[in-house]
file run.cif (mmCIF, C-alpha atoms)
data_final
loop_
_atom_site.label_atom_id
_atom_site.label_comp_id
_atom_site.auth_asym_id
_atom_site.auth_seq_id
_atom_site.Cartn_x
_atom_site.Cartn_y
_atom_site.Cartn_z
CA GLN A 1 -25.11 238.43 99.75
CA THR A 2 -26.54 241.46 97.96
CA HIS A 3 -25.64 241.74 94.28
CA MET A 4 -24.94 245.16 92.86
CA PRO A 5 -24.91 244.85 89.08
CA GLY A 6 -24.67 248.60 88.72
CA THR A 7 -21.35 248.51 90.53
CA ASN A 8 -20.17 245.70 88.27
CA LEU A 9 -21.06 247.78 85.24
CA ARG A 10 -19.20 250.81 86.56
CA VAL A 11 -16.07 248.72 87.16
CA LEU A 12 -16.22 247.28 83.65
CA LEU A 13 -16.75 250.74 82.19
CA VAL A 14 -13.61 252.00 83.94
CA VAL A 15 -11.61 249.04 82.62
CA SER A 16 -12.80 249.61 79.07
CA LEU A 17 -12.24 253.35 79.17
CA ALA A 18 -8.67 252.86 80.45
CA GLY A 19 -7.69 251.73 76.97
CA LEU A 20 -9.19 254.64 75.10
CA ALA A 21 -6.29 257.07 75.15
CA SER A 22 -3.27 256.26 73.08
CA ALA A 23 -0.38 258.66 72.62
CA ASP A 24 0.91 256.89 69.49
CA GLU A 25 1.49 259.23 66.57
CA SER A 26 3.46 259.13 63.35
CA ALA A 27 5.46 261.53 61.26
CA VAL A 28 6.94 261.71 57.79
CA VAL A 29 10.48 262.95 57.40
CA THR A 30 11.45 264.40 54.03
CA THR A 31 15.21 264.37 53.62
CA ALA A 32 17.25 267.02 51.90
CA GLY A 33 17.38 264.68 48.91
CA GLY A 34 13.58 264.46 48.70
CA ALA A 35 13.07 260.93 50.11
CA ASN A 36 10.12 260.38 52.46
CA VAL A 37 10.51 258.15 55.52
CA SER A 38 7.74 257.36 58.04
CA VAL A 39 8.52 257.02 61.74
CA SER A 40 6.32 256.22 64.73
CA LEU A 41 6.56 258.33 67.86
CA VAL A 42 4.88 258.87 71.21
CA HIS A 43 3.34 262.27 71.86
CA ALA A 44 3.94 263.61 75.36
CA THR A 45 0.32 263.94 76.46
CA SER A 46 1.17 266.61 79.04
CA THR A 47 2.16 268.92 76.16
CA PRO A 48 0.10 270.61 73.42
CA ALA A 49 -0.90 268.68 70.30
CA LEU A 50 1.79 268.25 67.68
CA PRO A 51 1.40 270.88 64.96
CA GLY A 52 0.47 270.36 61.34
CA GLY A 53 2.52 271.54 58.40
CA ALA A 54 6.18 271.08 57.64
CA LEU A 55 8.82 271.96 60.21
CA VAL A 56 12.53 272.16 59.54
CA LEU A 57 14.53 269.54 61.45
CA ALA A 58 17.45 270.57 63.60
CA ALA A 59 19.56 268.29 65.80
CA ALA A 60 21.59 269.14 68.88
CA ALA A 61 24.90 267.29 69.02
CA ALA A 62 24.88 267.32 72.82
CA ALA A 63 22.17 265.50 74.79
CA CYS A 64 21.88 268.12 77.50
CA SER A 65 23.32 271.48 76.57
CA ALA A 66 22.19 274.33 74.39
CA PRO A 67 22.54 273.63 70.66
CA ALA A 68 25.27 275.57 68.92
CA PRO A 69 24.13 278.34 66.54
CA SER A 70 25.49 276.28 63.64
CA GLU A 71 23.10 273.45 64.57
CA LEU A 72 20.04 275.66 64.29
CA PRO A 73 18.35 276.76 61.05
CA PRO A 74 18.39 280.42 60.05
CA ALA A 75 15.44 282.50 61.14
CA SER A 76 14.32 282.69 57.52
CA ALA A 77 13.70 278.91 57.53
CA GLY A 78 10.68 279.33 59.81
CA ALA A 79 9.53 277.07 62.63
CA PHE A 80 11.70 274.08 63.45
CA ALA A 81 11.64 270.88 65.49
CA LEU A 82 14.69 270.26 67.65
CA VAL A 83 15.90 266.67 68.05
CA MET A 84 17.83 265.89 71.23
CA ARG A 85 19.22 262.53 72.30
CA ARG A 86 17.80 260.90 75.40
CA GLY A 87 19.88 260.82 78.57
CA GLU A 88 22.22 262.93 80.72
CA CYS A 89 19.40 265.12 82.07
CA SER A 90 15.65 265.16 82.61
CA PHE A 91 13.00 265.65 79.93
CA ASP A 92 12.12 268.95 81.63
CA ASP A 93 15.73 270.12 81.19
CA LYS A 94 15.59 269.25 77.51
CA MET A 95 12.29 271.09 77.18
CA ALA A 96 13.81 274.22 78.71
CA LEU A 97 16.78 274.04 76.32
CA ALA A 98 14.53 273.56 73.30
CA ALA A 99 12.32 276.50 74.29
CA ALA A 100 15.34 278.72 74.87
CA ALA A 101 16.66 277.78 71.42
CA GLY A 102 13.40 278.94 69.83
CA ALA A 103 12.15 275.50 68.76
CA ALA A 104 8.47 274.89 67.99
CA VAL A 105 8.62 271.19 68.92
CA LEU A 106 10.94 269.03 71.04
CA VAL A 107 11.71 265.52 69.75
CA VAL A 108 13.68 263.25 72.10
CA ALA A 109 15.45 260.42 70.28
CA ASP A 110 16.30 257.28 72.24
CA THR A 111 19.52 256.47 70.41
CA LEU A 112 22.29 254.15 71.50
CA SER A 113 25.17 256.38 72.52
CA TYR A 114 28.79 255.34 73.01
CA ASN A 115 31.49 256.73 75.29
CA SER A 116 34.14 256.12 72.63
CA SER A 117 32.41 257.34 69.48
CA ALA A 118 34.97 259.85 68.23
CA ALA A 119 35.95 259.67 64.59
CA GLY A 120 38.69 257.11 64.12
CA THR A 121 37.67 254.93 67.08
CA PRO A 122 37.43 251.33 65.76
CA PRO A 123 34.17 249.51 66.53
CA ALA A 124 36.07 246.93 68.56
CA LEU A 125 36.84 249.66 71.12
CA MET A 126 33.46 251.42 71.24
CA GLU A 127 31.63 251.08 74.57
CA LEU A 128 27.97 251.87 75.23
CA SER A 129 27.38 254.83 77.54
CA ASP A 130 24.58 252.84 79.18
CA PRO A 131 25.14 249.06 78.98
CA CYS A 132 21.58 248.52 80.22
CA SER A 133 20.19 250.05 77.01
CA VAL A 134 20.57 246.65 75.35
CA ASP A 135 19.24 243.26 76.43
CA CYS A 136 21.11 240.20 75.13
CA ALA A 137 18.26 237.96 76.32
CA GLU A 138 16.04 239.50 73.63
CA GLY A 139 18.48 238.58 70.88
CA GLU A 140 22.14 238.74 70.02
CA VAL A 141 24.69 237.94 67.35
CA VAL A 142 28.43 237.37 67.72
CA LEU A 143 30.64 239.54 65.54
CA ASN A 144 34.10 238.10 65.06
CA ALA A 145 37.18 240.26 64.60
CA SER A 146 36.92 240.32 60.79
CA ARG A 147 33.25 241.39 60.86
CA LEU A 148 34.07 244.10 63.40
CA ASP A 149 36.89 245.38 61.21
CA ALA A 150 34.46 245.65 58.29
CA LEU A 151 32.12 247.91 60.25
CA SER A 152 32.31 251.69 60.18
CA ARG A 153 31.72 254.00 63.13
CA GLN A 154 28.48 255.07 61.45
CA ASP A 155 27.33 251.44 61.14
CA VAL A 156 27.60 251.11 64.92
CA LEU A 157 25.94 254.45 65.68
CA ASN A 158 23.09 253.60 63.28
CA GLY A 159 22.25 250.48 65.28
CA LEU A 160 24.01 247.67 63.38
CA VAL A 161 20.82 247.10 61.41
CA ALA A 162 22.46 244.93 58.76
CA ALA A 163 24.25 242.79 61.35
CA CYS A 164 21.40 241.92 63.69
CA GLY A 165 18.44 244.24 63.24
CA SER A 166 16.17 241.43 61.99
CA ARG A 167 16.62 239.62 65.32
CA CYS A 168 15.35 242.51 67.41
CA ALA A 169 11.90 243.95 68.07
CA ALA A 170 13.46 247.40 68.09
CA GLY A 171 15.18 246.76 64.77
CA VAL A 172 18.53 247.94 66.12
CA CYS A 173 21.23 246.59 68.40
CA GLY A 174 24.37 247.76 70.17
CA LEU A 175 27.81 246.40 70.94
CA ALA A 176 27.99 244.63 74.28
CA GLY A 177 30.76 242.62 75.94
CA GLY A 178 33.33 240.34 74.44
CA VAL A 179 33.14 236.59 73.90
CA PRO A 180 35.96 234.94 75.93
CA PRO A 181 36.39 231.87 73.69
CA LEU A 182 36.76 234.12 70.63
CA PRO A 183 39.56 236.69 70.93
CA GLY A 184 38.60 240.03 69.41
CA ALA A 185 34.90 239.12 69.05
CA ARG A 186 32.03 241.23 70.41
CA ARG A 187 28.39 240.50 71.13
CA ALA A 188 25.79 242.73 69.46
CA CYS A 189 22.57 242.73 71.52
CA CYS A 190 19.06 244.03 70.91
CA ALA A 191 18.18 247.53 72.04
CA GLU A 192 15.24 247.82 74.42
CA ASP A 193 12.39 249.39 72.45
CA ALA A 194 11.10 251.67 75.19
CA ARG A 195 8.07 253.81 74.24
CA LEU A 196 7.70 256.59 76.77
CA ASP A 197 5.06 259.21 77.35
CA MET A 198 7.46 261.81 78.69
CA GLY A 199 6.24 263.31 81.94
CA ILE A 200 6.88 266.97 81.14
CA THR A 201 6.00 269.06 84.19
CA LEU A 202 7.16 272.52 83.12
CA PRO A 203 4.40 275.12 82.71
CA HIS A 204 3.56 276.13 79.13
CA PRO A 205 5.67 273.44 77.44
CA LEU A 206 6.28 273.05 73.73
CA PRO A 207 4.65 270.13 71.93
CA ALA A 208 6.93 267.15 72.45
CA ALA A 209 7.37 263.62 71.15
CA PHE A 210 9.53 260.61 72.01
CA LEU A 211 11.20 258.37 69.44
CA ALA A 212 11.93 254.78 70.49
CA PRO A 213 15.30 253.36 69.33
CA ALA A 214 14.06 251.89 66.03
CA ALA A 215 12.31 255.13 65.02
CA ALA A 216 15.17 257.28 66.29
CA HIS A 217 17.75 255.44 64.21
CA THR A 218 15.44 255.42 61.19
CA LEU A 219 15.02 259.18 61.41
CA LEU A 220 18.67 259.94 61.97
CA SER A 221 19.85 257.53 59.28
CA ALA A 222 17.33 258.78 56.72
CA ALA A 223 18.27 262.37 57.37
CA THR A 224 22.02 261.73 57.12
CA ALA A 225 22.55 261.67 60.84
CA GLU A 226 24.74 263.61 63.23
CA PRO A 227 23.90 266.33 62.55
CA ILE A 228 20.74 266.08 60.47
CA ALA A 229 21.37 267.42 56.99
CA ALA A 230 20.21 270.94 56.29
CA GLY A 231 16.92 270.95 54.40
CA ALA A 232 15.26 267.94 56.06
CA VAL A 233 11.71 268.57 57.27
CA ILE A 234 9.18 266.69 59.39
CA ARG A 235 5.38 266.53 59.18
CA PHE A 236 3.46 265.18 62.16
CA SER A 237 0.22 263.26 61.78
CA GLN A 238 -2.94 264.99 62.93
CA SER A 239 -4.78 263.02 65.60
CA GLY A 240 -7.72 265.38 65.67
CA GLY A 241 -7.61 266.18 69.35
CA GLY A 242 -5.74 268.37 71.79
CA GLY A 243 -3.20 266.32 73.64
CA GLY A 244 -2.86 263.72 70.90
CA SER A 245 -5.08 260.99 72.35
CA LYS A 246 -6.70 258.53 69.97
CA TRP A 247 -9.63 256.16 70.33
CA ASP A 248 -8.54 252.56 70.67
CA GLY A 249 -11.12 250.51 68.77
CA SER A 250 -10.59 247.50 71.01
CA ALA A 251 -12.17 249.46 73.86
CA THR A 252 -15.53 249.27 72.05
CA GLN A 253 -15.36 245.48 72.17
CA ILE A 254 -14.38 245.53 75.84
CA LEU A 255 -17.25 247.90 76.61
CA ALA A 256 -19.75 245.67 74.80
CA MET A 257 -18.49 242.63 76.71
CA GLY A 258 -18.78 244.54 79.96
CA VAL A 259 -22.39 245.51 79.31
CA THR A 260 -23.25 241.92 78.38
CA VAL A 261 -21.66 240.51 81.54
CA ALA A 262 -23.35 243.13 83.71
CA ALA A 263 -26.72 242.36 82.15
CA ALA A 264 -26.23 238.65 82.77
CA ALA A 265 -25.21 239.35 86.36
CA SER A 266 -28.37 241.43 86.89
CA TYR A 267 -30.55 238.63 85.49
CA LEU A 268 -28.97 235.95 87.67
CA ALA A 269 -29.16 238.17 90.79
CA ALA A 270 -32.90 238.69 90.25
CA ARG A 271 -33.63 234.95 90.15
#
call {"tool": "encode", "arguments": {"input": "run.cif", "output": "structure tokens"}}
result
Amino acid sequence: QTHMPGTNLRVLLVVSLAGLASADESAVVTTAGGANVSVSLVHATSTPALPGGALVLAAAAAACSAPAPSELPPASAGAFALVMRRGECSFDDKMALAAAAGAAVLVVADTLSYNSSAAGTPPALMELSDPCSVDCAEGEVVLNASRLDALSRQDVLNGLVAACGSRCAAGVCGLAGGVPPLPGARRACCAEDARLDMGITLPHPLPAAFLAPAAAHTLLSAATAEPIAAGAVIRFSQSGGGGGSKWDGSATQILAMGVTVAAAASYLAAR
């Protein structure tokens, strides 16, 4: 058998380089009251780099329709980032809506939405729009009737952090099904902490970022959610490269290991 250490080296180089690009970014939200809150996000690498400087935050109440004029800042406020909830339509559709609204950046927030979230709806009757957005196998807590009665609608929409957030990787959870042996009780299960690099395919897109559930609820809660309070701003981190990719330091170690293994393979093949 003929040994080809050069081929081995090329394979190891490809493996090590596969870990180089990371779309992870961060941002600081300054609320209308002056508090600063950091959130992690995932830059959509098919879109331009996230801008520097402060952008006004605006939030669309609907997940997939044009924001109302009252939800947008006045022209005098300058450039703004539009937050839209995930779901109900494609990321491309949201991008088109954000561009048409005049936004400088699209931020898609992966929040837990409920079909019965109108004001006055008791938590015991609120149902998730997508039951698969939570996974009880990752963690759950049972809320009896008295604990449910003590919750507000906003507690539920903000991810029940006080009730079960410490049990979940995402830091938030949502109301799931009932518990047959306990009349009036509900299970609260962990939200899936999906981190997506949105596959935006529209030509000339805006810069865009995705907020996983924990970050989405942190941002919305900090900014006095639904809608975000007037005066809140966001500042994106600067990754120093177009497209937002960052060097993953672990790839250096993988590369060094690859070169060492290839060199050893070449030595043994020559014997």
call {"tool": "resolve_selection", "arguments": {"input": "run.cif", "expression": "the PyMOL selection byres ((chain A and resi 197-211) around 7)", "output": "CSV table (one decimal) with C-alpha atoms, keeping the file's coordinate frame"}}
result
chain,number,residue,atom,x,y,z
A,41,LEU,CA,6.6,258.3,67.9
A,42,VAL,CA,4.9,258.9,71.2
A,43,HIS,CA,3.3,262.3,71.9
A,44,ALA,CA,3.9,263.6,75.4
A,45,THR,CA,0.3,263.9,76.5
A,46,SER,CA,1.2,266.6,79.0
A,47,THR,CA,2.2,268.9,76.2
A,48,PRO,CA,0.1,270.6,73.4
A,49,ALA,CA,-0.9,268.7,70.3
A,50,LEU,CA,1.8,268.2,67.7
A,91,PHE,CA,13.0,265.6,79.9
A,92,ASP,CA,12.1,269.0,81.6
A,99,ALA,CA,12.3,276.5,74.3
A,104,ALA,CA,8.5,274.9,68.0
A,105,VAL,CA,8.6,271.2,68.9
A,106,LEU,CA,10.9,269.0,71.0
A,107,VAL,CA,11.7,265.5,69.8
A,108,VAL,CA,13.7,263.2,72.1
A,109,ALA,CA,15.4,260.4,70.3
A,110,ASP,CA,16.3,257.3,72.2
A,195,ARG,CA,8.1,253.8,74.2
A,196,LEU,CA,7.7,256.6,76.8
A,212,ALA,CA,11.9,254.8,70.5
A,213,PRO,CA,15.3,253.4,69.3
A,215,ALA,CA,12.3,255.1,65.0
A,216,ALA,CA,15.2,257.3,66.3
call {"tool": "atom_distance", "arguments": {"input": "run.cif", "atom1": "CA of Pro51 in chain A", "atom2": "CA of Asn158 in chain A"}}
result
27.8 Å
call {"tool": "residues_near_point", "arguments": {"input": "run.cif", "point": "(12.8, 258.9, 55.5)", "cutoff": "12 Å", "atoms": "all atoms listed in the file", "output": "ChimeraX atom specification"}}
result
/A:27-40,215-225,228,232-235
call {"tool": "atom_distance", "arguments": {"input": "run.cif", "atom1": "CA of Ser129 in chain A", "atom2": "CA of Arg153 in chain A"}}
result
15.1 Å
call {"tool": "residues_around", "arguments": {"input": "run.cif", "residues": "Ala61 in chain A", "least_positions_apart": "2", "cutoff": "10 Å", "atoms": "only C-alpha atoms", "output": "PyMOL selection string"}}
result
chain A and resi 58-59+63-68+71+83-85+226-228
call {"tool": "atom_distance", "arguments": {"input": "run.cif", "atom1": "CA of Leu72 in chain A", "atom2": "CA of Val161 in chain A"}}
result
28.7 Å
